[in-house]
file structure.tsv (TSV, C-alpha atoms and all ligand atoms)
chain	number	residue	atom	x	y	z
A	8	MET	CA	-7.89	-17.49	-31.99
A	9	SER	CA	-8.60	-18.58	-28.41
A	10	GLU	CA	-7.97	-22.23	-29.37
A	11	GLN	CA	-4.58	-21.29	-30.79
A	12	ILE	CA	-3.62	-19.37	-27.65
A	13	LEU	CA	-4.71	-22.29	-25.48
A	14	GLU	CA	-2.69	-24.76	-27.54
A	15	GLN	CA	0.41	-22.61	-27.21
A	16	LEU	CA	-0.22	-22.22	-23.49
A	17	VAL	CA	-0.55	-25.99	-23.01
A	18	ALA	CA	2.70	-26.64	-24.93
A	19	MET	CA	4.60	-24.02	-22.91
A	20	SER	CA	3.22	-25.34	-19.61
A	21	ARG	CA	4.17	-28.93	-20.41
A	22	PHE	CA	7.66	-27.79	-21.42
A	23	LEU	CA	8.06	-26.02	-18.07
A	24	GLY	CA	6.79	-29.16	-16.35
A	25	VAL	CA	9.28	-31.59	-17.96
A	26	PRO	CA	10.82	-33.37	-14.93
A	27	GLU	CA	14.38	-33.19	-16.37
A	28	HIS	CA	14.17	-29.38	-16.42
A	29	HIS	CA	13.79	-29.32	-12.60
A	30	LEU	CA	11.52	-26.27	-12.75
A	31	ALA	CA	8.32	-27.52	-11.10
A	32	ILE	CA	7.00	-30.75	-9.59
A	33	LEU	CA	3.50	-31.83	-8.49
A	34	GLY	CA	1.14	-28.81	-8.47
A	35	GLU	CA	4.00	-26.28	-8.37
A	36	GLY	CA	4.10	-23.24	-10.63
A	37	ASN	CA	1.44	-21.64	-12.76
A	38	THR	CA	1.09	-20.37	-16.29
A	39	SER	CA	-1.24	-18.02	-18.13
A	40	ALA	CA	-1.95	-16.36	-21.46
A	41	ARG	CA	-3.69	-13.12	-22.40
A	42	LEU	CA	-6.86	-13.70	-24.42
A	43	ASP	CA	-7.78	-10.02	-24.99
A	44	GLU	CA	-7.53	-6.80	-22.97
A	45	LYS	CA	-10.23	-7.96	-20.56
A	46	HIS	CA	-9.60	-11.71	-20.15
A	47	PHE	CA	-6.82	-14.22	-19.63
A	48	TYR	CA	-6.43	-17.96	-19.20
A	49	ILE	CA	-4.90	-19.20	-15.95
A	50	LYS	CA	-4.04	-22.67	-14.67
A	51	ALA	CA	-6.62	-24.13	-12.30
A	52	SER	CA	-5.21	-24.52	-8.79
A	53	GLY	CA	-3.58	-27.89	-8.04
A	54	THR	CA	-3.14	-29.05	-11.66
A	55	THR	CA	0.24	-30.40	-12.76
A	56	LEU	CA	2.21	-28.56	-15.47
A	57	GLN	CA	3.74	-31.75	-16.87
A	58	THR	CA	0.39	-33.30	-17.81
A	59	ILE	CA	-1.78	-30.19	-18.20
A	60	GLN	CA	-4.57	-30.04	-20.79
A	61	LYS	CA	-6.63	-27.26	-22.33
A	62	SER	CA	-9.50	-28.00	-19.95
A	63	ASP	CA	-7.17	-27.33	-16.97
A	64	PHE	CA	-7.15	-23.61	-17.78
A	65	LEU	CA	-9.85	-21.22	-16.61
A	66	CYS	CA	-10.81	-18.02	-18.41
A	67	VAL	CA	-10.84	-15.13	-15.94
A	68	GLN	CA	-11.91	-11.46	-16.17
A	69	MET	CA	-9.17	-8.99	-15.29
A	70	GLU	CA	-11.30	-6.18	-13.86
A	71	PRO	CA	-12.71	-7.76	-10.68
A	72	VAL	CA	-9.34	-9.36	-9.90
A	73	LEU	CA	-7.55	-6.01	-10.26
A	74	ALA	CA	-10.14	-4.27	-8.08
A	75	LEU	CA	-8.83	-6.32	-5.13
A	76	LEU	CA	-5.50	-4.47	-5.32
A	77	ASN	CA	-7.05	-1.17	-4.27
A	78	ASP	CA	-9.37	-2.66	-1.66
A	79	SER	CA	-7.35	-2.29	1.55
A	80	SER	CA	-10.05	-4.03	3.58
A	81	ALA	CA	-10.09	-7.21	1.39
A	82	THR	CA	-9.85	-10.37	3.51
A	83	ASP	CA	-8.68	-13.88	2.53
A	84	THR	CA	-12.35	-14.82	2.04
A	85	ASP	CA	-12.93	-11.80	-0.24
A	86	VAL	CA	-9.96	-12.90	-2.35
A	87	LEU	CA	-11.30	-16.45	-2.74
A	88	GLU	CA	-14.82	-15.22	-3.53
A	89	THR	CA	-13.56	-12.71	-6.09
A	90	LEU	CA	-11.38	-15.32	-7.82
A	91	GLN	CA	-14.36	-17.67	-8.05
A	92	SER	CA	-16.72	-15.01	-9.40
A	93	ALA	CA	-14.17	-13.66	-11.90
A	94	LYS	CA	-14.36	-16.90	-13.90
A	95	ILE	CA	-16.22	-16.73	-17.21
A	96	ASN	CA	-17.80	-20.12	-16.58
A	97	SER	CA	-19.57	-19.75	-13.24
A	98	GLN	CA	-20.72	-23.41	-13.38
A	99	ASP	CA	-17.11	-24.55	-13.08
A	100	ASN	CA	-16.31	-24.93	-9.38
A	101	ARG	CA	-12.55	-25.25	-9.77
A	102	MET	CA	-10.40	-22.51	-8.28
A	103	PRO	CA	-8.06	-20.31	-10.37
A	104	SER	CA	-4.44	-20.35	-9.15
A	105	VAL	CA	-3.78	-18.38	-5.94
A	106	GLU	CA	-1.42	-16.17	-7.93
A	107	THR	CA	-4.14	-15.08	-10.40
A	108	ILE	CA	-3.98	-11.50	-9.07
A	109	LEU	CA	-0.25	-11.37	-9.83
A	110	HIS	CA	-0.86	-12.47	-13.44
A	111	ALA	CA	-3.61	-9.83	-13.85
A	112	VAL	CA	-1.17	-7.16	-12.61
A	113	LEU	CA	1.39	-8.09	-15.28
A	114	TYR	CA	-1.19	-8.17	-18.09
A	115	GLN	CA	-1.68	-4.43	-17.53
A	116	TYR	CA	1.39	-4.14	-19.77
A	117	PRO	CA	0.05	-4.90	-23.29
A	118	GLN	CA	3.41	-6.30	-24.49
A	119	TYR	CA	3.07	-9.28	-22.16
A	120	MET	CA	1.18	-12.18	-23.74
A	121	PHE	CA	2.39	-15.24	-21.78
A	122	ILE	CA	3.58	-15.83	-18.22
A	123	GLY	CA	5.39	-18.84	-16.80
A	124	HIS	CA	5.93	-19.05	-13.04
A	125	THR	CA	8.14	-21.88	-11.76
A	126	HIS	CA	10.20	-22.92	-8.73
A	127	PRO	CA	13.52	-23.92	-10.43
A	128	VAL	CA	16.02	-25.76	-8.22
A	129	TYR	CA	19.10	-23.57	-8.81
A	130	VAL	CA	17.18	-20.29	-9.01
A	131	ASN	CA	15.64	-21.16	-5.66
A	132	SER	CA	19.04	-22.23	-4.27
A	133	ILE	CA	19.96	-18.55	-4.69
A	134	LEU	CA	16.55	-17.12	-3.74
A	135	CYS	CA	16.55	-19.08	-0.47
A	136	SER	CA	20.11	-17.98	0.42
A	137	GLN	CA	21.73	-15.12	2.34
A	138	ARG	CA	22.81	-13.44	-0.91
A	139	ALA	CA	19.56	-13.75	-2.86
A	140	GLU	CA	19.36	-10.25	-4.34
A	141	GLU	CA	23.08	-9.78	-5.07
A	142	TYR	CA	23.47	-13.19	-6.74
A	143	ILE	CA	20.23	-13.06	-8.73
A	144	GLN	CA	20.96	-9.57	-10.12
A	145	GLY	CA	24.56	-10.38	-11.10
A	146	ARG	CA	25.17	-11.10	-14.79
A	147	THR	CA	27.48	-14.06	-15.51
A	148	CYS	CA	28.04	-14.03	-19.29
A	149	PRO	CA	26.79	-12.32	-22.50
A	150	ASP	CA	23.93	-14.80	-23.08
A	151	HIS	CA	22.62	-14.05	-19.62
A	152	ILE	CA	22.15	-10.39	-20.68
A	153	VAL	CA	20.83	-11.25	-24.15
A	154	VAL	CA	18.03	-13.42	-22.73
A	155	LEU	CA	17.27	-11.86	-19.34
A	156	GLY	CA	18.18	-8.22	-19.95
A	157	ARG	CA	20.56	-5.99	-17.98
A	158	LYS	CA	18.59	-6.30	-14.80
A	159	SER	CA	15.62	-8.17	-13.34
A	160	VAL	CA	13.00	-7.33	-10.72
A	161	PHE	CA	13.75	-8.65	-7.23
A	162	ILE	CA	10.85	-9.06	-4.78
A	163	PRO	CA	11.69	-9.51	-1.07
A	164	TYR	CA	9.59	-12.21	0.62
A	165	VAL	CA	6.01	-11.13	1.37
A	166	ASP	CA	2.74	-12.98	2.00
A	167	PRO	CA	1.68	-14.86	-1.20
A	168	GLY	CA	-1.54	-13.77	-2.93
A	169	LEU	CA	-2.81	-10.21	-2.55
A	170	VAL	CA	0.20	-8.70	-0.72
A	171	LEU	CA	2.60	-10.29	-3.22
A	172	ALA	CA	0.55	-9.00	-6.18
A	173	ARG	CA	0.59	-5.45	-4.75
A	174	THR	CA	4.36	-5.66	-4.19
A	175	VAL	CA	4.98	-6.92	-7.75
A	176	ARG	CA	2.75	-4.11	-9.14
A	177	ASP	CA	4.81	-1.46	-7.29
A	178	LYS	CA	8.25	-3.00	-8.00
A	179	VAL	CA	7.60	-3.50	-11.73
A	180	LYS	CA	6.31	0.09	-12.04
A	181	GLU	CA	9.43	1.35	-10.26
A	182	PHE	CA	11.64	-0.84	-12.52
A	183	VAL	CA	10.05	0.49	-15.73
A	184	GLU	CA	10.39	4.11	-14.52
A	185	THR	CA	14.04	3.69	-13.52
A	186	GLU	CA	15.33	1.34	-16.24
A	187	GLY	CA	13.17	2.49	-19.15
A	188	TYR	CA	12.26	-1.01	-20.38
A	189	LEU	CA	9.97	-3.87	-19.38
A	190	PRO	CA	11.49	-6.65	-17.24
A	191	LYS	CA	11.73	-10.17	-18.66
A	192	ALA	CA	12.13	-11.88	-15.32
A	193	ILE	CA	10.89	-11.32	-11.78
A	194	PHE	CA	12.62	-13.17	-8.92
A	195	MET	CA	10.72	-13.66	-5.69
A	196	GLU	CA	12.76	-14.31	-2.56
A	197	ASN	CA	12.09	-17.68	-0.91
A	198	HIS	CA	9.66	-18.49	-3.72
A	199	GLY	CA	10.63	-18.61	-7.40
A	200	LEU	CA	10.76	-17.13	-10.88
A	201	ILE	CA	8.27	-15.38	-13.15
A	202	ALA	CA	9.22	-15.30	-16.85
A	203	ILE	CA	7.14	-12.92	-18.98
A	204	GLY	CA	7.10	-12.24	-22.68
A	205	PRO	CA	5.31	-11.72	-25.97
A	206	THR	CA	5.66	-15.40	-27.03
A	207	THR	CA	5.84	-18.83	-25.39
A	208	SER	CA	9.33	-19.42	-26.78
A	209	LYS	CA	10.58	-16.25	-25.05
A	210	VAL	CA	9.07	-17.37	-21.72
A	211	GLN	CA	10.72	-20.79	-22.11
A	212	ALA	CA	14.10	-19.25	-23.06
A	213	ILE	CA	14.02	-16.82	-20.10
A	214	THR	CA	13.20	-19.66	-17.70
A	215	LEU	CA	15.92	-21.99	-19.01
A	216	MET	CA	18.57	-19.25	-19.09
A	217	ALA	CA	17.68	-18.05	-15.58
A	218	GLU	CA	18.06	-21.62	-14.30
A	219	LYS	CA	21.32	-22.23	-16.18
A	220	CYS	CA	22.90	-18.98	-14.95
A	221	ALA	CA	21.75	-19.71	-11.41
A	222	GLN	CA	23.46	-23.10	-11.67
A	223	ILE	CA	26.66	-21.35	-12.80
A	224	VAL	CA	26.50	-18.95	-9.86
A	225	VAL	CA	25.91	-21.78	-7.39
A	226	GLY	CA	28.72	-23.80	-9.01
A	227	SER	CA	31.11	-20.84	-8.82
A	228	ALA	CA	30.82	-20.94	-5.03
A	229	VAL	CA	33.29	-23.88	-4.97
A	230	CYS	CA	35.73	-21.88	-7.15
A	231	GLY	CA	35.98	-18.85	-4.89
A	232	GLY	CA	32.56	-17.30	-5.57
A	233	PRO	CA	30.98	-15.69	-8.66
A	234	LYS	CA	32.73	-12.98	-10.65
A	235	PHE	CA	29.98	-10.96	-12.31
A	236	LEU	CA	30.36	-8.80	-15.42
A	237	SER	CA	31.00	-5.10	-14.82
A	238	GLU	CA	28.24	-2.53	-15.35
A	239	SER	CA	30.08	-1.17	-18.46
A	240	ALA	CA	30.48	-4.67	-19.96
A	241	ILE	CA	26.78	-5.32	-19.36
A	242	ARG	CA	25.80	-2.05	-21.09
A	243	ARG	CA	28.12	-2.82	-24.02
A	244	ILE	CA	26.56	-6.27	-24.62
A	245	ASP	CA	23.07	-4.83	-24.31
A	246	THR	CA	23.67	-2.23	-27.02
A	247	ARG	CA	25.66	-4.32	-29.55
A	248	PRO	CA	23.74	-4.80	-32.84
A	249	ASP	CA	24.84	-8.46	-33.16
A	250	GLU	CA	23.41	-9.19	-29.71
A	251	HIS	CA	20.14	-7.46	-30.67
A	252	TYR	CA	19.98	-9.75	-33.69
A	253	ARG	CA	20.42	-12.80	-31.46
A	254	GLN	CA	17.80	-11.47	-29.05
A	255	LYS	CA	15.20	-11.26	-31.85
A	256	LEU	CA	15.85	-14.84	-32.93
A	257	LEU	CA	14.99	-16.26	-29.52
B	301	ZN	ZN	4.96	-20.22	-6.76
call {"tool": "encode", "arguments": {"input": "structure.tsv", "output": "structure tokens"}}
result
Amino acid sequence: MSEQILEQLVAMSRFLGVPEHHLAILGEGNTSARLDEKHFYIKASGTTLQTIQKSDFLCVQMEPVLALLNDSSATDTDVLETLQSAKINSQDNRMPSVETILHAVLYQYPQYMFIGHTHPVYVNSILCSQRAEEYIQGRTCPDHIVVLGRKSVFIPYVDPGLVLARTVRDKVKEFVETEGYLPKAIFMENHGLIAIGPTTSKVQAITLMAEKCAQIVVGSAVCGGPKFLSESAIRRIDTRPDEHYRQKLL
């Protein structure tokens, strides 16, 4: 079971690291997979997605990592010490990714099995612009809605690590309460994309579609600016049975 999950995680990570996809270079990005309700695998800090191997993932306990969220006095040192001690293999002195807390937050939703976080070039062209939220939330075409959903979560820039994890926890909770469904993508201003789903193929599809639609939006700037679909058109696509069928096949 755990071997199978690891193999899928390695394949997804390498896919996200393919240079031609322009999603992550060097040690950028991180990926993870839920093992059970108490543990998950996360990329060791500094490893490269393109060439990652099973041994580059660390098994981490969720509970101590999540406890940091409610500890208002936690310092940078406390975070590092907790991440080190949360590893199942205490003999291993490698460090879990700095965004481990963020992954633990998302695994509180049992439907999420895999997470892929990348810094795609076009997505970040929008996220590092003056119109980040407006352009990232706009929906360009039916496939955009089929793969990414009607709306995504937008996170304004905050300090990476603990503060970011707390912000994502609050924004995702707010999203689920308001929208009534789980988000497929989270966009972090001046940072990058988080694709989340029940399978690796969904995470890959969300990432590729987010990057393609971002490229379309950026490209539309030379043709007078993007023209997004109306709220009623978005709702119509989202409720059509043929689009639901396509969604399931992804
Ligand atoms: Zn990042």
call {"tool": "closest_residue", "arguments": {"input": "structure.tsv", "among": "A:Thr125, A:Gln15, A:Ser237, A:Gln60", "to": "ligand ZN 301 (chain B)", "atoms": "all atoms listed in the file"}}
result
A:Thr125
call {"tool": "closest_residue", "arguments": {"input": "structure.tsv", "among": "A:Gly145, A:Gly53, A:Pro103, A:Pro167", "to": "ligand ZN 301 (chain B)", "atoms": "only C-alpha atoms and all ligand atoms"}}
result
A:Pro167
call {"tool": "residues_around", "arguments": {"input": "structure.tsv", "residues": "Cys66 (chain A)", "least_positions_apart": "5", "cutoff": "12 Å", "atoms": "only C-alpha atoms", "output": "ChimeraX atom specification"}}
result
/A:9,12-13,39-43,45-51,61,90-97,99,101-104,107,111
call {"tool": "closest_residue", "arguments": {"input": "structure.tsv", "among": "A:Lys209, A:Lys158, A:Lys178, A:His198", "to": "Arg242 (chain A)", "atoms": "all atoms listed in the file"}}
result
A:Lys158
call {"tool": "residues_near_ligand", "arguments": {"input": "structure.tsv", "ligand": "ligand ZN 301 (chain B)", "cutoff": "10 Å", "atoms": "all atoms listed in the file", "output": "PDB file with C-alpha atoms, keeping the file's coordinate frame"}}
result
ATOM      1  CA  ALA A  31       8.320 -27.520 -11.100  1.00  0.00           C
ATOM      2  CA  GLY A  34       1.140 -28.810  -8.470  1.00  0.00           C
ATOM      3  CA  GLU A  35       4.000 -26.280  -8.370  1.00  0.00           C
ATOM      4  CA  GLY A  36       4.100 -23.240 -10.630  1.00  0.00           C
ATOM      5  CA  ASN A  37       1.440 -21.640 -12.760  1.00  0.00           C
ATOM      6  CA  SER A 104      -4.440 -20.350  -9.150  1.00  0.00           C
ATOM      7  CA  VAL A 105      -3.780 -18.380  -5.940  1.00  0.00           C
ATOM      8  CA  GLU A 106      -1.420 -16.170  -7.930  1.00  0.00           C
ATOM      9  CA  HIS A 124       5.930 -19.050 -13.040  1.00  0.00           C
ATOM     10  CA  THR A 125       8.140 -21.880 -11.760  1.00  0.00           C
ATOM     11  CA  HIS A 126      10.200 -22.920  -8.730  1.00  0.00           C
ATOM     12  CA  PRO A 167       1.680 -14.860  -1.200  1.00  0.00           C
ATOM     13  CA  GLY A 168      -1.540 -13.770  -2.930  1.00  0.00           C
ATOM     14  CA  MET A 195      10.720 -13.660  -5.690  1.00  0.00           C
ATOM     15  CA  ASN A 197      12.090 -17.680  -0.910  1.00  0.00           C
ATOM     16  CA  HIS A 198       9.660 -18.490  -3.720  1.00  0.00           C
ATOM     17  CA  GLY A 199      10.630 -18.610  -7.400  1.00  0.00           C
ATOM     18  CA  LEU A 200      10.760 -17.130 -10.880  1.00  0.00           C
ATOM     19  CA  ILE A 201       8.270 -15.380 -13.150  1.00  0.00           C
TER      20      ILE A 201
END
call {"tool": "closest_residue", "arguments": {"input": "structure.tsv", "among": "A:Asn131, A:Thr89, A:Gln57, A:Thr84", "to": "Val72 (chain A)", "atoms": "only C-alpha atoms"}}
result
A:Thr89
call {"tool": "atom_distance", "arguments": {"input": "structure.tsv", "atom1": "CA of Asp245 (chain A)", "atom2": "CA of Cys148 (chain A)"}}
result
11.6 Å
call {"tool": "closest_residue", "arguments": {"input": "structure.tsv", "among": "A:Val179, A:Cys220, A:Ala228, A:Leu169", "to": "Thr82 (chain A)", "atoms": "only C-alpha atoms"}}
result
A:Leu169
call {"tool": "closest_residue", "arguments": {"input": "structure.tsv", "among": "A:Ala221, A:Met216, A:Leu56, A:Leu75", "to": "Met19 (chain A)", "atoms": "all atoms listed in the file"}}
result
A:Leu56
call {"tool": "atom_distance", "arguments": {"input": "structure.tsv", "atom1": "CA of Val67 (chain A)", "atom2": "CA of His110 (chain A)"}}
result
10.6 Å
call {"tool": "residues_around", "arguments": {"input": "structure.tsv", "residues": "Glu218 (chain A)", "least_positions_apart": "6", "cutoff": "8 Å", "atoms": "only C-alpha atoms", "output": "list in words"}}
result
Pro127, Val128, Tyr129 and Val130 of chain A
call {"tool": "write_last_selection", "arguments": {"input": "structure.tsv", "atoms": "C-alpha atoms", "output": "compact mmCIF listing (two decimals), in the coordinates of the input"}}
result
# COMPACT_ATOMS: atom_id res chain seq x y z
CA PRO A 127 13.52 -23.92 -10.43
CA VAL A 128 16.02 -25.76 -8.22
CA TYR A 129 19.10 -23.57 -8.81
CA VAL A 130 17.18 -20.29 -9.01
call {"tool": "atom_distance", "arguments": {"input": "structure.tsv", "atom1": "CA of Thr58 (chain A)", "atom2": "CA of Val175 (chain A)"}}
result
28.6 Å
call {"tool": "residues_near_point", "arguments": {"input": "structure.tsv", "point": "(16.0, -17.9, 1.7)", "cutoff": "7 Å", "atoms": "all atoms listed in the file", "output": "list in words"}}
result
Leu134, Cys135, Ser136, Gln137, Glu196 and Asn197 of chain A
call {"tool": "residues_near_point", "arguments": {"input": "structure.tsv", "point": "(27.0, -10.6, -6.1)", "cutoff": "10 Å", "atoms": "all atoms listed in the file", "output": "PyMOL selection string"}}
result
chain A and resi 138-146+224+232-235
call {"tool": "residues_around", "arguments": {"input": "structure.tsv", "residues": "region 116-120 of chain A", "least_positions_apart": "4", "cutoff": "8 Å", "atoms": "only C-alpha atoms", "output": "list in words"}}
result
Ala40, Arg41, Glu44, Ile203, Gly204, Pro205 and Thr206 of chain A
call {"tool": "closest_atom_pairs", "arguments": {"input": "structure.tsv", "of": "region 54-159 of chain A", "to": "region 185-191 of chain A", "cutoff": "8 Å", "atoms": "all atoms listed in the file", "output": "tab-separated table"}}
result
residue	atom	partner	partner_atom	distance
A:Leu155	CA	A:Lys191	CA	5.8
A:Gly156	CA	A:Lys191	CA	6.9
A:Lys158	CA	A:Pro190	CA	7.5
A:Ser159	CA	A:Pro190	CA	5.9
call {"tool": "residues_around", "arguments": {"input": "structure.tsv", "residues": "Thr174 (chain A)", "least_positions_apart": "2", "cutoff": "12 Å", "atoms": "only C-alpha atoms", "output": "MDAnalysis selection string"}}
result
chainID A and resid 76 108:109 112:113 160:172 176:181 193 195
